[in-house]
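Trainee: Contents of work_21.txt (compact mmCIF, C-alpha atoms (C1' of nucleotides)) are below:
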```
# COMPACT_ATOMS: atom_id res chain seq x y z
CA MET A 1071 110.69 60.56 132.25
CA PRO A 1072 109.20 59.83 128.86
CA ARG A 1073 110.26 57.34 126.25
CA PRO A 1074 113.04 58.45 123.90
CA LYS A 1075 112.08 60.64 120.97
CA THR A 1076 112.08 59.03 117.56
CA HIS A 1077 110.37 61.98 115.86
CA ASP A 1078 113.65 63.82 115.71
CA GLU A 1079 115.58 65.95 113.27
CA ALA A 1080 116.84 62.89 111.39
CA LEU A 1081 113.30 61.70 110.76
CA ARG A 1082 112.32 65.20 109.73
CA ILE A 1083 114.95 65.12 107.03
CA LYS A 1084 114.03 61.64 105.91
CA LEU A 1085 110.42 62.74 105.55
CA LEU A 1086 111.36 65.81 103.55
CA ASP A 1087 113.63 63.80 101.28
CA ARG A 1088 111.05 61.16 100.64
CA ALA A 1089 108.37 63.79 100.10
CA GLY A 1090 110.53 65.34 97.42
CA GLU A 1091 111.04 61.96 95.79
CA LEU A 1092 107.34 61.19 95.77
CA LEU A 1093 106.59 64.59 94.35
CA SER A 1094 109.17 64.21 91.65
CA ALA A 1095 108.26 60.62 90.78
CA GLU A 1096 104.48 60.79 90.74
CA GLY A 1097 103.41 64.37 91.14
CA PRO A 1098 101.51 66.28 93.82
CA LYS A 1099 98.56 63.91 93.70
CA ALA A 1100 100.74 61.04 94.95
CA LEU A 1101 102.08 62.91 97.95
CA SER A 1102 99.92 61.38 100.67
CA LEU A 1103 100.83 61.40 104.33
CA ARG A 1104 99.99 57.74 104.75
CA LYS A 1105 102.23 56.67 101.89
CA LEU A 1106 104.93 59.03 103.03
CA ALA A 1107 104.86 57.71 106.57
CA ALA A 1108 104.81 54.09 105.41
CA ASP A 1109 107.80 54.66 103.12
CA VAL A 1110 109.80 56.06 106.01
CA GLU A 1111 108.47 53.36 108.33
CA THR A 1112 106.79 55.65 110.78
CA SER A 1113 103.21 56.78 111.36
CA THR A 1114 101.33 59.77 110.06
CA THR A 1115 101.62 61.22 113.54
CA ALA A 1116 105.25 61.97 112.77
CA VAL A 1117 104.25 64.55 110.19
CA TYR A 1118 101.97 66.25 112.69
CA SER A 1119 104.48 66.35 115.51
CA LEU A 1120 107.34 67.48 113.25
CA PHE A 1121 105.55 69.82 110.87
CA GLY A 1122 102.04 70.44 112.14
CA SER A 1123 100.05 69.54 109.04
CA LYS A 1124 100.47 68.62 105.43
CA PRO A 1125 100.54 72.23 104.25
CA ASP A 1126 103.26 72.88 106.80
CA LEU A 1127 105.31 70.03 105.42
CA VAL A 1128 104.89 71.50 101.96
CA ASN A 1129 106.00 74.82 103.40
CA ALA A 1130 109.27 73.19 104.35
CA LEU A 1131 109.69 71.95 100.79
CA TYR A 1132 108.85 75.42 99.53
CA ALA A 1133 111.55 76.95 101.70
CA GLU A 1134 114.03 74.29 100.64
CA GLY A 1135 113.31 75.07 97.01
CA PHE A 1136 114.10 78.74 97.54
CA ARG A 1137 117.27 77.95 99.44
CA ARG A 1138 118.52 75.93 96.47
CA PHE A 1139 117.54 78.73 94.13
CA GLN A 1140 119.39 81.18 96.29
CA ALA A 1141 122.52 79.02 96.37
CA ARG A 1142 122.65 78.77 92.59
CA THR A 1143 121.94 82.45 92.12
CA ASP A 1144 124.61 83.44 94.59
CA ALA A 1145 127.14 81.35 92.67
CA VAL A 1146 126.71 83.42 89.51
CA THR A 1147 129.65 85.72 88.76
CA LEU A 1148 128.33 89.04 87.59
CA THR A 1149 130.23 91.15 85.10
CA GLY A 1150 128.89 94.61 85.77
CA ASP A 1151 127.44 94.78 82.29
CA PRO A 1152 123.69 94.95 83.01
CA VAL A 1153 122.58 93.26 79.83
CA GLU A 1154 125.07 90.44 80.18
CA ASP A 1155 124.18 90.03 83.84
CA LEU A 1156 120.47 89.85 83.10
CA VAL A 1157 121.25 87.05 80.67
CA ARG A 1158 123.31 85.21 83.24
CA LEU A 1159 120.70 85.56 85.94
CA GLY A 1160 118.06 84.41 83.50
CA LYS A 1161 120.05 81.33 82.60
CA VAL A 1162 120.66 80.33 86.20
CA TYR A 1163 116.96 80.82 86.90
CA ARG A 1164 116.03 78.22 84.32
CA GLU A 1165 118.81 75.90 85.42
CA SER A 1166 117.57 76.10 88.99
CA ALA A 1167 114.02 75.34 87.95
CA LEU A 1168 115.08 72.38 85.81
CA ALA A 1169 117.32 71.08 88.60
CA ASP A 1170 114.35 70.69 90.96
CA PRO A 1171 111.37 70.65 88.63
CA HIS A 1172 109.08 69.19 91.27
CA LEU A 1173 109.71 72.06 93.67
CA TYR A 1174 109.12 74.81 91.15
CA PRO A 1175 105.33 74.38 90.92
CA ILE A 1176 105.14 74.42 94.70
CA MET A 1177 107.08 77.64 94.86
CA PHE A 1178 105.15 79.50 92.23
CA THR A 1179 101.93 77.89 91.12
CA LYS A 1180 100.03 76.54 94.11
CA ALA A 1181 100.31 72.97 92.86
CA ILE A 1182 99.08 71.57 96.16
CA PRO A 1183 95.55 72.65 96.99
CA GLY A 1184 95.22 74.11 100.45
CA PHE A 1185 98.85 75.12 100.71
CA GLU A 1186 99.72 78.77 101.30
CA PRO A 1187 103.30 79.75 102.10
CA ASN A 1188 103.71 81.35 105.48
CA GLU A 1189 105.24 84.75 106.01
CA GLU A 1190 108.87 83.80 106.41
CA ALA A 1191 108.68 81.50 103.41
CA VAL A 1192 107.40 84.39 101.33
CA ALA A 1193 110.25 86.54 102.56
CA LEU A 1194 112.68 83.83 101.53
CA GLY A 1195 111.21 83.90 98.04
CA ARG A 1196 111.44 87.66 97.85
CA ALA A 1197 115.09 87.57 98.84
CA ASN A 1198 115.87 85.63 95.70
CA LEU A 1199 115.13 88.68 93.63
CA ALA A 1200 117.79 90.83 95.24
CA PRO A 1201 120.53 90.23 92.63
CA LEU A 1202 118.08 90.92 89.83
CA GLU A 1203 116.91 94.13 91.45
CA LYS A 1204 120.45 95.29 92.01
CA THR A 1205 121.48 94.59 88.43
CA VAL A 1206 118.50 96.49 87.09
CA ARG A 1207 119.04 99.43 89.42
CA ASP A 1208 122.69 99.69 88.42
CA GLY A 1209 121.71 99.49 84.77
CA VAL A 1210 119.23 102.32 85.11
CA GLU A 1211 121.60 104.48 87.14
CA SER A 1212 124.47 104.00 84.73
CA GLY A 1213 122.22 104.94 81.86
CA VAL A 1214 122.35 101.61 80.08
CA PHE A 1215 118.66 101.00 80.66
CA ALA A 1216 115.85 103.42 80.03
CA ASP A 1217 114.78 105.74 82.82
CA VAL A 1218 111.99 103.52 84.11
CA ASP A 1219 111.15 102.52 87.67
CA PRO A 1220 113.63 99.69 88.35
CA ALA A 1221 110.88 97.68 90.01
CA VAL A 1222 108.99 97.64 86.73
CA ILE A 1223 111.99 96.34 84.82
CA ALA A 1224 112.85 93.79 87.49
CA VAL A 1225 109.35 92.37 87.74
CA SER A 1226 109.15 92.34 83.98
CA CYS A 1227 112.37 90.33 83.68
CA TRP A 1228 111.24 87.98 86.40
CA GLY A 1229 107.90 87.47 84.71
CA PHE A 1230 109.64 86.78 81.46
CA VAL A 1231 111.84 83.96 82.75
CA HIS A 1232 109.09 82.65 85.00
CA GLY A 1233 106.71 82.47 82.06
CA LEU A 1234 109.08 80.61 79.77
CA VAL A 1235 110.13 78.21 82.51
CA SER A 1236 106.52 77.59 83.52
CA LEU A 1237 105.42 76.84 79.99
CA GLU A 1238 108.35 74.49 79.59
CA LEU A 1239 107.80 72.63 82.86
CA ASN A 1240 104.08 72.33 82.26
CA GLY A 1241 104.64 70.86 78.84
CA ASN A 1242 102.63 73.65 77.25
CA LEU A 1243 105.11 74.26 74.48
CA PRO A 1244 104.91 72.51 71.11
CA ASP A 1245 106.89 69.29 71.10
CA GLU A 1246 109.17 70.39 68.32
CA PHE A 1247 110.13 73.58 70.14
CA SER A 1248 113.55 73.49 71.74
CA VAL A 1249 113.70 75.90 74.65
CA GLY A 1250 117.39 75.36 75.19
CA ASP A 1251 118.32 76.88 71.86
CA ALA A 1252 115.87 79.75 71.99
CA TYR A 1253 116.27 80.73 75.60
CA GLU A 1254 119.43 82.80 75.44
CA THR A 1255 118.30 84.56 72.30
CA ALA A 1256 115.08 85.49 74.04
CA LEU A 1257 116.87 86.64 77.19
CA ARG A 1258 119.07 88.91 75.12
CA ALA A 1259 116.15 90.39 73.23
CA ASN A 1260 114.32 91.03 76.47
CA ALA A 1261 117.31 92.75 78.07
CA ASN A 1262 117.97 94.82 74.97
CA GLY A 1263 114.38 95.97 74.94
CA TRP A 1264 115.09 97.93 78.11
CA ARG A 1265 118.10 99.77 76.68
CA ARG A 1266 117.89 103.49 76.74
CA MET B 1350 60.94 52.30 77.27
CA PRO B 1351 63.16 53.88 79.85
CA ARG B 1352 62.44 56.57 82.34
CA PRO B 1353 62.78 60.13 81.04
CA LYS B 1354 66.29 61.57 80.90
CA THR B 1355 67.13 64.26 83.37
CA HIS B 1356 70.89 64.13 82.75
CA ASP B 1357 70.53 66.28 79.69
CA GLU B 1358 72.28 69.19 78.04
CA ALA B 1359 70.60 71.70 80.36
CA LEU B 1360 71.93 69.91 83.42
CA ARG B 1361 75.35 69.72 81.82
CA ILE B 1362 75.40 73.48 81.50
CA LYS B 1363 74.14 74.01 85.01
CA LEU B 1364 76.91 71.78 86.33
CA LEU B 1365 79.56 73.62 84.36
CA ASP B 1366 78.28 76.99 85.51
CA ARG B 1367 78.17 75.97 89.12
CA ALA B 1368 81.60 74.34 88.89
CA GLY B 1369 82.98 77.63 87.63
CA GLU B 1370 81.33 79.49 90.48
CA LEU B 1371 82.69 77.11 93.10
CA LEU B 1372 86.14 77.36 91.57
CA SER B 1373 86.00 81.10 91.53
CA ALA B 1374 84.55 81.46 95.02
CA GLU B 1375 86.59 78.95 96.97
CA GLY B 1376 89.33 77.62 94.76
CA PRO B 1377 90.16 74.21 93.32
CA LYS B 1378 90.12 72.55 96.72
CA ALA B 1379 86.43 73.31 97.14
CA LEU B 1380 85.36 71.84 93.83
CA SER B 1381 83.97 68.51 95.02
CA LEU B 1382 81.55 66.40 93.06
CA ARG B 1383 79.30 65.86 96.04
CA LYS B 1384 78.96 69.56 96.74
CA LEU B 1385 78.58 70.32 93.06
CA ALA B 1386 75.83 67.74 92.66
CA ALA B 1387 74.04 68.88 95.80
CA ASP B 1388 74.11 72.53 94.67
CA VAL B 1389 72.48 71.60 91.39
CA GLU B 1390 70.10 69.21 93.16
CA THR B 1391 71.19 66.09 91.42
CA SER B 1392 73.49 63.19 92.29
CA THR B 1393 77.17 62.63 91.63
CA THR B 1394 76.10 60.12 89.01
CA ALA B 1395 75.17 63.04 86.78
CA VAL B 1396 78.80 64.07 86.47
CA TYR B 1397 79.76 60.56 85.47
CA SER B 1398 77.03 60.14 82.88
CA LEU B 1399 77.53 63.61 81.41
CA PHE B 1400 81.31 63.97 81.64
CA GLY B 1401 82.84 60.64 82.58
CA SER B 1402 84.91 61.70 85.57
CA LYS B 1403 86.00 64.74 87.49
CA PRO B 1404 89.04 65.33 85.25
CA ASP B 1405 86.71 65.20 82.26
CA LEU B 1406 84.50 67.84 83.81
CA VAL B 1407 87.57 69.99 84.35
CA ASN B 1408 88.45 69.38 80.74
CA ALA B 1409 85.18 70.98 79.76
CA LEU B 1410 86.05 74.01 81.89
CA TYR B 1411 89.49 74.09 80.31
CA ALA B 1412 87.96 74.15 76.84
CA GLU B 1413 85.48 76.81 77.88
CA GLY B 1414 88.33 78.96 79.15
CA PHE B 1415 90.11 78.77 75.82
CA ARG B 1416 86.93 79.55 73.92
CA ARG B 1417 86.54 82.75 75.91
CA PHE B 1418 90.18 83.61 75.33
CA GLN B 1419 89.71 83.02 71.65
CA ALA B 1420 86.62 85.23 71.50
CA ARG B 1421 88.43 88.12 73.14
CA THR B 1422 91.49 87.68 71.02
CA ASP B 1423 89.47 87.56 67.82
CA ALA B 1424 87.81 90.83 68.78
CA VAL B 1425 91.11 92.71 68.75
CA THR B 1426 91.54 95.02 65.79
CA LEU B 1427 95.08 94.74 64.49
CA THR B 1428 96.86 97.65 62.93
CA GLY B 1429 99.49 95.96 60.81
CA ASP B 1430 102.26 97.55 62.87
CA PRO B 1431 103.88 94.51 64.48
CA VAL B 1432 105.04 96.26 67.63
CA GLU B 1433 101.68 97.91 68.22
CA ASP B 1434 99.89 94.65 67.53
CA LEU B 1435 102.06 92.73 69.98
CA VAL B 1436 101.12 95.28 72.61
CA ARG B 1437 97.41 94.93 71.82
CA LEU B 1438 97.54 91.15 71.88
CA GLY B 1439 99.43 91.28 75.15
CA LYS B 1440 96.84 93.55 76.70
CA VAL B 1441 93.93 91.40 75.67
CA TYR B 1442 95.77 88.37 77.02
CA ARG B 1443 95.91 89.87 80.47
CA GLU B 1444 92.32 91.12 80.24
CA SER B 1445 91.18 87.64 79.34
CA ALA B 1446 93.05 86.09 82.23
CA LEU B 1447 91.67 88.63 84.70
CA ALA B 1448 88.16 88.19 83.34
CA ASP B 1449 88.15 84.50 84.27
CA PRO B 1450 90.89 84.23 86.85
CA HIS B 1451 89.66 80.87 88.11
CA LEU B 1452 89.95 79.27 84.68
CA TYR B 1453 93.46 80.49 83.99
CA PRO B 1454 95.23 78.18 86.45
CA ILE B 1455 93.32 75.24 85.01
CA MET B 1456 94.38 76.14 81.51
CA PHE B 1457 98.05 76.64 82.24
CA THR B 1458 99.20 75.44 85.61
CA LYS B 1459 97.60 72.11 86.42
CA ALA B 1460 95.76 73.51 89.41
CA ILE B 1461 93.69 70.38 89.79
CA PRO B 1462 95.77 67.30 90.56
CA GLY B 1463 95.05 64.40 88.28
CA PHE B 1464 93.74 66.54 85.46
CA GLU B 1465 95.41 66.38 82.06
CA PRO B 1466 93.83 68.10 79.08
CA ASN B 1467 92.86 65.73 76.31
CA GLU B 1468 94.06 66.04 72.75
CA GLU B 1469 91.36 68.27 71.34
CA ALA B 1470 91.56 70.56 74.35
CA VAL B 1471 95.27 71.00 73.73
CA ALA B 1472 94.57 71.79 70.10
CA LEU B 1473 92.07 74.42 71.20
CA GLY B 1474 94.77 76.01 73.34
CA ARG B 1475 97.25 75.97 70.51
CA ALA B 1476 94.79 77.69 68.22
CA ASN B 1477 94.78 80.71 70.51
CA LEU B 1478 98.33 81.48 69.48
CA ALA B 1479 97.54 81.88 65.81
CA PRO B 1480 97.14 85.70 65.83
CA LEU B 1481 100.37 86.07 67.78
CA GLU B 1482 102.23 83.81 65.38
CA LYS B 1483 100.89 85.67 62.37
CA THR B 1484 101.84 89.06 63.78
CA VAL B 1485 105.36 87.89 64.52
CA ARG B 1486 105.78 86.27 61.12
CA ASP B 1487 104.64 89.42 59.35
CA GLY B 1488 106.98 91.48 61.50
CA VAL B 1489 109.96 89.33 60.61
CA GLU B 1490 109.10 89.22 56.92
CA SER B 1491 108.61 92.96 56.68
CA GLY B 1492 111.96 93.50 58.35
CA VAL B 1493 110.61 95.18 61.48
CA PHE B 1494 111.76 92.34 63.70
CA ALA B 1495 115.17 90.71 63.68
CA ASP B 1496 115.75 87.73 61.43
CA VAL B 1497 114.99 85.11 64.05
CA ASP B 1498 112.83 82.01 63.79
CA PRO B 1499 109.31 83.43 64.30
CA ALA B 1500 108.48 80.53 66.58
CA VAL B 1501 111.17 81.70 68.98
CA ILE B 1502 109.81 85.22 69.08
CA ALA B 1503 106.22 84.06 69.42
CA VAL B 1504 106.93 81.65 72.27
CA SER B 1505 109.04 84.30 73.91
CA CYS B 1506 106.22 86.84 73.79
CA TRP B 1507 103.74 84.29 75.04
CA GLY B 1508 106.03 83.34 77.90
CA PHE B 1509 106.42 86.99 78.77
CA VAL B 1510 102.73 87.73 79.14
CA HIS B 1511 102.03 84.35 80.70
CA GLY B 1512 104.72 84.95 83.29
CA LEU B 1513 103.50 88.37 84.31
CA VAL B 1514 99.89 87.25 84.43
CA SER B 1515 100.78 84.14 86.42
CA LEU B 1516 102.73 86.08 88.99
CA GLU B 1517 99.88 88.53 89.30
CA LEU B 1518 97.14 85.91 89.66
CA ASN B 1519 99.17 83.89 92.13
CA GLY B 1520 99.76 86.92 94.28
CA ASN B 1521 103.51 86.51 93.97
CA LEU B 1522 104.15 90.18 93.29
CA PRO B 1523 104.89 92.67 96.04
CA ASP B 1524 101.74 94.28 97.35
CA GLU B 1525 102.83 97.75 96.42
CA PHE B 1526 103.49 96.79 92.82
CA SER B 1527 100.80 97.89 90.39
CA VAL B 1528 100.74 95.63 87.37
CA GLY B 1529 98.22 97.74 85.55
CA ASP B 1530 100.55 100.70 85.26
CA ALA B 1531 103.66 98.73 84.40
CA TYR B 1532 102.15 96.25 82.00
CA GLU B 1533 102.02 98.30 78.84
CA THR B 1534 105.48 99.71 79.41
CA ALA B 1535 106.80 96.19 79.75
CA LEU B 1536 104.95 94.95 76.69
CA ARG B 1537 106.44 97.76 74.64
CA ALA B 1538 109.96 97.08 75.88
CA ASN B 1539 109.57 93.41 75.10
CA ALA B 1540 108.34 94.07 71.58
CA ASN B 1541 111.06 96.62 70.94
CA GLY B 1542 113.67 94.13 72.02
CA TRP B 1543 112.90 92.09 68.93
CA ARG B 1544 113.39 95.00 66.51
CA ARG B 1545 115.96 94.49 63.83
C1' DC C 204 48.48 44.32 83.24
C1' DG C 205 53.36 41.99 83.07
C1' DG C 206 57.81 42.20 81.44
C1' DC C 207 61.71 44.74 79.28
C1' DT C 208 64.94 48.19 79.33
C1' DT C 209 66.91 52.35 80.15
C1' DT C 210 68.00 55.63 83.67
C1' DG C 211 69.77 57.52 87.90
C1' DA C 212 69.95 57.80 93.07
C1' DT C 213 71.85 55.34 96.94
C1' DA C 214 75.24 53.17 99.14
C1' DA C 215 79.58 50.82 99.29
C1' DC C 216 84.70 51.02 98.48
C1' DA C 217 89.15 52.72 98.77
C1' DC C 218 91.39 56.47 99.58
C1' DT C 219 92.57 61.28 101.72
C1' DG C 220 93.99 64.70 105.91
C1' DT C 221 93.24 65.15 110.67
C1' DT C 222 92.42 64.20 115.63
C1' DG C 223 91.90 61.91 120.10
C1' DC C 224 92.41 57.77 122.67
C1' DG C 225 95.19 54.95 125.04
C1' DC C 226 99.22 51.89 125.06
C1' DT C 227 104.41 52.00 125.38
C1' DA C 228 108.57 52.54 127.39
C1' DC C 229 111.69 55.00 129.51
C1' DA C 230 113.59 58.15 133.81
C1' DC C 231 113.00 59.20 137.99
C1' DT C 232 111.61 58.13 142.72
C1' DG C 233 111.23 55.45 147.18
C1' DC D 66 115.42 47.11 142.48
C1' DA D 67 110.25 47.58 142.01
C1' DG D 68 106.85 51.19 141.24
C1' DT D 69 105.08 55.00 139.07
C1' DG D 70 104.49 59.09 136.42
C1' DT D 71 104.33 60.90 132.04
C1' DA D 72 105.97 62.24 127.58
C1' DG D 73 105.85 60.08 123.09
C1' DC D 74 103.61 58.07 119.49
C1' DG D 75 100.96 54.23 117.03
C1' DC D 76 96.34 53.03 116.08
C1' DA D 77 91.85 53.76 114.96
C1' DA D 78 88.00 56.73 114.35
C1' DC D 79 85.97 60.76 111.75
C1' DA D 80 84.72 63.47 108.00
C1' DG D 81 85.66 64.18 103.64
C1' DT D 82 87.12 62.85 98.61
C1' DG D 83 86.50 60.36 93.63
C1' DT D 84 84.63 56.32 91.79
C1' DT D 85 81.72 52.25 90.98
C1' DA D 86 78.21 48.62 91.66
C1' DT D 87 73.65 47.80 92.95
C1' DC D 88 69.12 48.18 92.58
C1' DA D 89 64.78 50.74 92.45
C1' DA D 90 62.04 53.79 89.47
C1' DA D 91 59.62 54.74 85.21
C1' DG D 92 58.06 54.59 80.83
C1' DC D 93 56.77 51.63 76.50
C1' DC D 94 55.34 47.48 74.12
C1' DG D 95 53.02 43.16 73.59
```
Represent the structure of the file as structure tokens.

Mentor:
Amino acid sequence: MPRPKTHDEALRIKLLDRAGELLSAEGPKALSLRKLAADVETSTTAVYSLFGSKPDLVNALYAEGFRRFQARTDAVTLTGDPVEDLVRLGKVYRESALADPHLYPIMFTKAIPGFEPNEEAVALGRANLAPLEKTVRDGVESGVFADVDPAVIAVSCWGFVHGLVSLELNGNLPDEFSVGDAYETALRANANGWRR
Amino acid sequence: MPRPKTHDEALRIKLLDRAGELLSAEGPKALSLRKLAADVETSTTAVYSLFGSKPDLVNALYAEGFRRFQARTDAVTLTGDPVEDLVRLGKVYRESALADPHLYPIMFTKAIPGFEPNEEAVALGRANLAPLEKTVRDGVESGVFADVDPAVIAVSCWGFVHGLVSLELNGNLPDEFSVGDAYETALRANANGWRR
DNA sequence: CGGCTTTGATAACACTGTTGCGCTACACTG
DNA sequence: CAGTGTAGCGCAACAGTGTTATCAAAGCCG
């Protein structure tokens, strides 16, 4: 009986794409629903009927960010050597962050005030750690790594890469410092620190 | 000739204090100039005459955060053993962050959209790294640490603690994970990884 | 006391996210 | 083929934000 829907899946995708562009071009401050709607030639109502609210739209971006992370992580070929694999996972972590630098702050640093990821989004984020946790567990069991709770090692490795990537993306590092050159060296040192 | 000043140093301090309280109690979203001014029983004009803008007020908080960091860091007694000193500096880093958890995101993760630290604030932040850089340099020169550019090791250590602290403050870690217990173990592993 | 000048509170402006009103435009009836 | 019901959605209002311009208040000097 009603008029045909124009707030459909296609519009949903257009909104998400444009939201990502705005975020990447001008930062979180510039992501306004009015501008977003105007750019996609619809009204702000579209965001509310398709997502629910602005935080919910950001939630969709958050989930998308983790899906891309997951895809890149899954594509890594692991060797079975725990140290080498930690280095590989660490490298792909940074590559993923640099590939979508505007999504990273949303995923990890609450860049948009008022946004809190919902439960399933959090689960999606947690799932990304599975390969890391497995590598660490294998390393401990095979005696390559010290006999420490694998969760401690895994979180520690995650924190390490997250910290370096965060500092880099935030521009907190000295200008003359080249992360690219130092990163693998640092990853190796970190992994070696956990050797038995 | 004019009317007596009420936008004075005392009011400036009251505003900063209250801003910190609001930040800590309800997060960056709740830090509004109108509410801030009302709480201190003045007008929003006060912020503009004393600070210039909201970002400039945040800049003052940013600087205050680094001053507190500096004070805590300076109070650490170093032993001369590079590994032990890295652990001590790492511990005080986390203690500092947890002592003022609302300032940490401002200092390192652009929690307030539109805020960019000015030049002298950045310099203040950089100065905090001096003890870390000295410890690393001594460690490399005395042959305890591997022969790697000290800047690489220092940034790596900073990234490590920053990452763990960030994950903790953001609530990104699993609920059952106790950072307190794992932190020193991780610090030690990280420092040992840089041994010659 | 009148005028000068500095100071600061009020109110306007342009924006934000959000919500409810009410028009639009189709599918189904008679 | 008109009429109607109703889902869909654009528009406009509301409450809030940071910022700025206006203008009244308040002291000193001549």

Trainee: Mind pulling up the distance from atom CA of Gly1401 of chain B to atom CA of Asn1242 of chain A?

Mentor: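 Going from atom CA of Asn1242 of chain A over to atom CA of Gly1401 of chain B, I get 24.3 Å.
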
Trainee: Write out as number ranges by chain the residues lying within 12 Å of segment 1160-1166 of chain A, counting all atoms listed in the file and excluding same-chain residues fewer than 3 positions away.

Mentor: A: 1135-1148, 1152-1157, 1169-1174, 1198-1199, 1201-1202, 1205, 1224, 1226-1239, 1249-1258, 1260-1261

Trainee: Taking all atoms listed in the file into account, name the residue in C:DC218, C:DC224, C:DA230, C:DC207 that is nearest to Lys1099 of chain A.

Mentor: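 Result for the nearest residue to Lys1099 of chain A: C:DC218.
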
Trainee: Counting all atoms listed in the file, which residues from chain C have an atom at most 8 Å from any atom of chain B, and could you show them as a list in words?

Mentor: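 Listed by rising number, the hits are DC207, DT208, DT209, DT210, DG211 and DA212 of chain C.
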
Trainee: Using Å and a single decimal, report how far atom CA of Phe1121 of chain A sits from atom CA of Gly1090 of chain A.

Mentor: 15.0 Å

Trainee: Pick the closest to chain D from B:Leu1382, B:Ala1409, B:Val1489, B:Val1501: which is it, counting all atoms listed in the file?

Mentor: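 Among B:Leu1382, B:Ala1409, B:Val1489, B:Val1501, it is B:Leu1382 that comes nearest to chain D.
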
Trainee: Hey, list the chain D side of the contact with chain B: 9 Å cut-off, only C-alpha atoms (C1' of nucleotides), answer as a list in words.

Mentor: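 Here they are: DT82, DG83, DT84, DA90, DA91, DG92, DC93 and DC94 of chain D.
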
Trainee: Distance atom CA of Ala1368 of chain B-atom C1' of DG81 of chain D, one decimal place?

Mentor: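 According to the coordinates, atom CA of Ala1368 of chain B and atom C1' of DG81 of chain D are separated by 18.4 Å.
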
Trainee: With 10 Å as the threshold, what does the neighbourhood of (93.4, 54.5, 115.6) contain in terms of residues, counting all atoms listed in the file? Coordinates are those of the file; answer as a PDB file with C-alpha atoms (C1' of nucleotides), in the coordinates of the input.

Mentor:
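Final output, out.pdb:
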```
ATOM      1  C1'  DT C 222      92.420  64.200 115.630  1.00  0.00           C
ATOM      2  C1'  DG C 223      91.900  61.910 120.100  1.00  0.00           C
ATOM      3  C1'  DC C 224      92.410  57.770 122.670  1.00  0.00           C
ATOM      4  C1'  DG C 225      95.190  54.950 125.040  1.00  0.00           C
TER       5       DG C 225
ATOM      6  C1'  DG D  75     100.960  54.230 117.030  1.00  0.00           C
ATOM      7  C1'  DC D  76      96.340  53.030 116.080  1.00  0.00           C
ATOM      8  C1'  DA D  77      91.850  53.760 114.960  1.00  0.00           C
ATOM      9  C1'  DA D  78      88.000  56.730 114.350  1.00  0.00           C
TER      10       DA D  78
END
```

Trainee: Pick out the residues sitting within 10 Å of DT232 of chain C, and hand them over as a PDB file with C-alpha atoms (C1' of nucleotides), in the frame of the given file; count only C-alpha atoms (C1' of nucleotides), and ignore anything fewer than 5 positions along from it in its own chain.

Mentor:
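Result went into part.pdb, see below:
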```pdb
ATOM      1  C1'  DG D  68     106.850  51.190 141.240  1.00  0.00           C
ATOM      2  C1'  DT D  69     105.080  55.000 139.070  1.00  0.00           C
ATOM      3  C1'  DG D  70     104.490  59.090 136.420  1.00  0.00           C
TER       4       DG D  70
END
```

Trainee: Starting from the block above, write segment 1358-1388 of chain B out to a file with C-alpha atoms, as a tab-separated table (two decimals), in the first residue's frame, please.

Mentor:
```
chain	number	residue	atom	x	y	z
B	1358	GLU	CA	43.98	33.79	37.58
B	1359	ALA	CA	41.79	32.38	40.36
B	1360	LEU	CA	38.88	31.94	37.97
B	1361	ARG	CA	41.20	30.37	35.44
B	1362	ILE	CA	42.17	27.73	37.95
B	1363	LYS	CA	38.60	27.14	39.01
B	1364	LEU	CA	37.63	26.60	35.38
B	1365	LEU	CA	40.46	24.17	34.80
B	1366	ASP	CA	39.63	22.23	37.95
B	1367	ARG	CA	35.98	21.99	37.10
B	1368	ALA	CA	36.75	21.05	33.50
B	1369	GLY	CA	38.85	18.18	34.79
B	1370	GLU	CA	36.04	17.07	37.07
B	1371	LEU	CA	33.46	17.15	34.29
B	1372	LEU	CA	35.81	15.23	32.02
B	1373	SER	CA	36.45	12.65	34.65
B	1374	ALA	CA	32.83	12.30	35.74
B	1375	GLU	CA	31.02	12.24	32.42
B	1376	GLY	CA	33.57	12.10	29.64
B	1377	PRO	CA	34.56	14.44	26.83
B	1378	LYS	CA	31.02	14.68	25.52
B	1379	ALA	CA	29.86	16.35	28.72
B	1380	LEU	CA	32.51	19.04	28.72
B	1381	SER	CA	30.46	21.96	27.43
B	1382	LEU	CA	31.39	25.58	27.91
B	1383	ARG	CA	27.91	26.53	28.99
B	1384	LYS	CA	27.80	23.88	31.70
B	1385	LEU	CA	31.35	24.64	32.73
B	1386	ALA	CA	30.63	28.36	33.04
B	1387	ALA	CA	27.39	27.76	34.92
B	1388	ASP	CA	29.11	25.42	37.40
```
